[in-house]
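Next up, data-v4.pdb (PDB, C-alpha atoms):
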```
ATOM      1  CA  MET A 134     112.265 124.099  47.414  1.00  0.00           C
ATOM      2  CA  GLN A 135     109.861 126.967  47.603  1.00  0.00           C
ATOM      3  CA  TYR A 136     110.311 130.010  49.741  1.00  0.00           C
ATOM      4  CA  GLY A 137     109.053 129.349  53.302  1.00  0.00           C
ATOM      5  CA  GLN A 138     109.210 125.555  53.144  1.00  0.00           C
ATOM      6  CA  GLY A 139     112.484 125.473  55.093  1.00  0.00           C
ATOM      7  CA  LEU A 140     110.965 127.806  57.646  1.00  0.00           C
ATOM      8  CA  MET A 141     107.975 125.473  58.082  1.00  0.00           C
ATOM      9  CA  ARG A 142     110.230 122.466  58.576  1.00  0.00           C
ATOM     10  CA  SER A 143     112.382 124.218  61.138  1.00  0.00           C
ATOM     11  CA  LYS A 144     109.295 125.229  63.119  1.00  0.00           C
ATOM     12  CA  SER A 145     108.005 121.664  63.171  1.00  0.00           C
ATOM     13  CA  VAL A 146     111.451 120.366  64.144  1.00  0.00           C
ATOM     14  CA  ARG A 147     111.645 122.898  66.966  1.00  0.00           C
ATOM     15  CA  ARG A 148     108.137 121.984  68.081  1.00  0.00           C
ATOM     16  CA  GLY A 149     109.085 118.281  68.088  1.00  0.00           C
ATOM     17  CA  ARG A 150     112.259 118.923  70.042  1.00  0.00           C
ATOM     18  CA  ARG A 151     110.374 121.106  72.524  1.00  0.00           C
ATOM     19  CA  SER A 152     107.797 118.345  72.990  1.00  0.00           C
ATOM     20  CA  ALA A 153     110.549 115.776  73.518  1.00  0.00           C
ATOM     21  CA  TRP A 154     112.222 117.938  76.162  1.00  0.00           C
ATOM     22  CA  LEU A 155     108.934 118.580  77.923  1.00  0.00           C
ATOM     23  CA  MET A 156     108.230 114.856  77.989  1.00  0.00           C
ATOM     24  CA  PHE A 157     111.734 114.202  79.315  1.00  0.00           C
ATOM     25  CA  TYR A 158     111.275 116.747  82.121  1.00  0.00           C
ATOM     26  CA  ALA A 159     107.832 115.362  82.981  1.00  0.00           C
ATOM     27  CA  ILE A 160     109.232 111.838  83.273  1.00  0.00           C
ATOM     28  CA  CYS A 161     112.169 113.014  85.390  1.00  0.00           C
ATOM     29  CA  TRP A 162     109.825 115.006  87.626  1.00  0.00           C
ATOM     30  CA  THR A 163     107.533 112.012  88.125  1.00  0.00           C
ATOM     31  CA  LEU A 164     110.424 109.673  88.883  1.00  0.00           C
ATOM     32  CA  GLY A 165     111.918 112.207  91.286  1.00  0.00           C
ATOM     33  CA  ILE A 166     108.664 112.557  93.206  1.00  0.00           C
ATOM     34  CA  GLY A 167     108.304 108.767  93.357  1.00  0.00           C
ATOM     35  CA  LEU A 168     111.829 108.281  94.660  1.00  0.00           C
ATOM     36  CA  CYS A 169     111.423 110.995  97.277  1.00  0.00           C
ATOM     37  CA  ALA A 170     108.182 109.436  98.463  1.00  0.00           C
ATOM     38  CA  HIS A 171     109.881 106.049  98.698  1.00  0.00           C
ATOM     39  CA  TRP A 172     112.937 107.361 100.541  1.00  0.00           C
ATOM     40  CA  TRP A 173     111.167 109.645 102.990  1.00  0.00           C
ATOM     41  CA  GLY A 174     107.804 107.989 103.450  1.00  0.00           C
ATOM     42  CA  GLY A 175     108.664 104.364 102.894  1.00  0.00           C
ATOM     43  CA  PRO A 176     110.686 101.889 104.910  1.00  0.00           C
ATOM     44  CA  ALA A 177     112.830 104.515 106.632  1.00  0.00           C
ATOM     45  CA  SER A 178     109.891 105.940 108.557  1.00  0.00           C
ATOM     46  CA  ALA A 179     108.582 102.451 109.247  1.00  0.00           C
ATOM     47  CA  GLN A 180     112.001 101.371 110.512  1.00  0.00           C
ATOM     48  CA  ALA A 181     111.969 104.214 113.024  1.00  0.00           C
ATOM     49  CA  GLN A 182     109.176 102.236 114.751  1.00  0.00           C
ATOM     50  CA  ALA A 183     110.892  98.880 114.325  1.00  0.00           C
ATOM     51  CA  VAL A 184     113.600  96.747 115.852  1.00  0.00           C
ATOM     52  CA  LYS A 185     116.179  94.566 114.155  1.00  0.00           C
ATOM     53  CA  TYR A 186     115.780  90.830 114.521  1.00  0.00           C
ATOM     54  CA  VAL A 187     118.327  88.187 113.529  1.00  0.00           C
ATOM     55  CA  VAL A 188     116.625  85.074 112.190  1.00  0.00           C
ATOM     56  CA  GLN A 189     117.320  81.941 114.232  1.00  0.00           C
ATOM     57  CA  PRO A 190     117.218  78.319 112.999  1.00  0.00           C
ATOM     58  CA  GLY A 191     113.612  77.159 112.702  1.00  0.00           C
ATOM     59  CA  ASP A 192     112.183  80.700 112.491  1.00  0.00           C
ATOM     60  CA  THR A 193     109.514  81.593 109.976  1.00  0.00           C
ATOM     61  CA  VAL A 194     107.948  84.979 109.386  1.00  0.00           C
ATOM     62  CA  TRP A 195     104.768  83.561 110.937  1.00  0.00           C
ATOM     63  CA  THR A 196     106.494  82.399 114.171  1.00  0.00           C
ATOM     64  CA  ILE A 197     108.350  85.702 114.460  1.00  0.00           C
ATOM     65  CA  ALA A 198     105.063  87.603 114.060  1.00  0.00           C
ATOM     66  CA  ALA A 199     103.449  85.407 116.722  1.00  0.00           C
ATOM     67  CA  GLN A 200     106.349  86.160 119.107  1.00  0.00           C
ATOM     68  CA  VAL A 201     106.120  89.898 118.540  1.00  0.00           C
ATOM     69  CA  HIS A 202     102.347  90.120 119.098  1.00  0.00           C
ATOM     70  CA  PRO A 203     101.410  86.934 120.976  1.00  0.00           C
ATOM     71  CA  HIS A 204      97.801  87.914 121.738  1.00  0.00           C
ATOM     72  CA  ALA A 205      96.919  89.250 118.283  1.00  0.00           C
ATOM     73  CA  ASP A 206      96.231  87.797 114.879  1.00  0.00           C
ATOM     74  CA  PRO A 207      99.689  87.326 113.313  1.00  0.00           C
ATOM     75  CA  ARG A 208      98.518  87.881 109.717  1.00  0.00           C
ATOM     76  CA  PRO A 209      98.747  91.705 109.758  1.00  0.00           C
ATOM     77  CA  VAL A 210     102.143  91.481 111.468  1.00  0.00           C
ATOM     78  CA  VAL A 211     103.362  89.002 108.826  1.00  0.00           C
ATOM     79  CA  ASP A 212     102.208  91.419 106.124  1.00  0.00           C
ATOM     80  CA  GLU A 213     104.008  94.299 107.834  1.00  0.00           C
ATOM     81  CA  ILE A 214     107.247  92.303 108.218  1.00  0.00           C
ATOM     82  CA  GLU A 215     107.137  91.339 104.551  1.00  0.00           C
ATOM     83  CA  LYS A 216     106.471  94.952 103.533  1.00  0.00           C
ATOM     84  CA  MET A 217     109.165  96.450 105.761  1.00  0.00           C
ATOM     85  CA  ASN A 218     111.798  94.005 104.513  1.00  0.00           C
ATOM     86  CA  HIS A 219     110.705  93.910 100.860  1.00  0.00           C
ATOM     87  CA  LEU A 220     110.250  90.138 101.061  1.00  0.00           C
ATOM     88  CA  ASN A 221     108.823  88.634  97.917  1.00  0.00           C
ATOM     89  CA  THR A 222     109.225  85.063  99.098  1.00  0.00           C
ATOM     90  CA  TRP A 223     108.401  83.240 102.317  1.00  0.00           C
ATOM     91  CA  ARG A 224     111.972  81.952 102.653  1.00  0.00           C
ATOM     92  CA  ILE A 225     114.174  83.422 105.329  1.00  0.00           C
ATOM     93  CA  HIS A 226     117.444  81.951 106.524  1.00  0.00           C
ATOM     94  CA  PRO A 227     119.246  81.818 109.878  1.00  0.00           C
ATOM     95  CA  GLY A 228     121.440  84.886 110.174  1.00  0.00           C
ATOM     96  CA  ASP A 229     119.179  87.099 108.034  1.00  0.00           C
ATOM     97  CA  THR A 230     118.424  90.458 109.625  1.00  0.00           C
ATOM     98  CA  LEU A 231     114.797  91.584 109.529  1.00  0.00           C
ATOM     99  CA  TRP A 232     113.029  94.746 110.627  1.00  0.00           C
ATOM    100  CA  ILE A 233     110.206  93.808 113.005  1.00  0.00           C
ATOM    101  CA  PRO A 234     107.392  96.177 114.042  1.00  0.00           C
ATOM    102  CA  ASP A 235     107.913  97.416 117.574  1.00  0.00           C
ATOM    103  CA  ASP A 236     105.643  95.783 120.179  1.00  0.00           C
ATOM    104  CA  ASP A 237     104.776  99.211 121.640  1.00  0.00           C
ATOM    105  CA  GLU A 238     102.645 100.205 118.632  1.00  0.00           C
TER     106      GLU A 238
END
```
Show how you would write the structure in this file as C-alpha cells.
Amino acid sequence: MQYGQGLMRSKSVRRGRRSAWLMFYAICWTLGIGLCAHWWGGPASAQAQAVKYVVQPGDTVWTIAAQVHPHADPRPVVDEIEKMNHLNTWRIHPGDTLWIPDDDE
C-alpha cells in the first residue's frame, strides 16, 4: 500500500457514511411530516364535524348518505363517508360504527 492510499479510502468511507446518514435523516423527516399531516389534518379534524352512526341491518353507505342529506346528491356524501372511515370496500355490517358528516355543514 502506498502512502496516502489509506487516507483516501477513509475519506471515501466517511463520505459514504455521511451520505447514508443524511439519507436516513431525510427519510425520517419526510415520514414524520407525513404522519403529522395525517394525524392533525386527516380524519381527526374531519371527525370533529361528524357524528357516529351504528350501522343497522339493511343499511348501505348509499342509504346512509341519502338519510344524512336527503335533498342532495348522495355521491359526494358517500365519498366523504368512505374517506372518513378508510373504507376500501362497499361492505359494511350491522353493528359497525361509522363517522358520518354532520348535516349542519
### Task
For the structure shown, which residues end up in the PyMOL selection byres ((chain A and resi 205-217) around 8)? Put them as a ChimeraX atom specification, please?
/A:176,179-180,194-195,198-199,202-204,218-221,231-234
### Query
What does the distance between CA of Ile166 (chain A) and CA of Arg150 (chain A) come to in Å, to one decimal place?
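So the two atoms, CA of Ile166 (chain A) and CA of Arg150 (chain A), lie 24.3 Å apart.
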### Computed interatomic separation between CA of Val184 (chain A) and CA of Thr196 (chain A) (Å)
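The value is 16.1 Å.
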#### Entry: Atomic separation - CA of Val187 (chain A) relative to CA of Ile225 (chain A), Å
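That distance, rounded to one decimal, is 10.4 Å.
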### Message
For the PyMOL selection byres ((chain A and resi 227) around 12), applied here, can you spell out every residue it catches as a ChimeraX atom specification?
### Response
/A:186-194,224-226,228-231
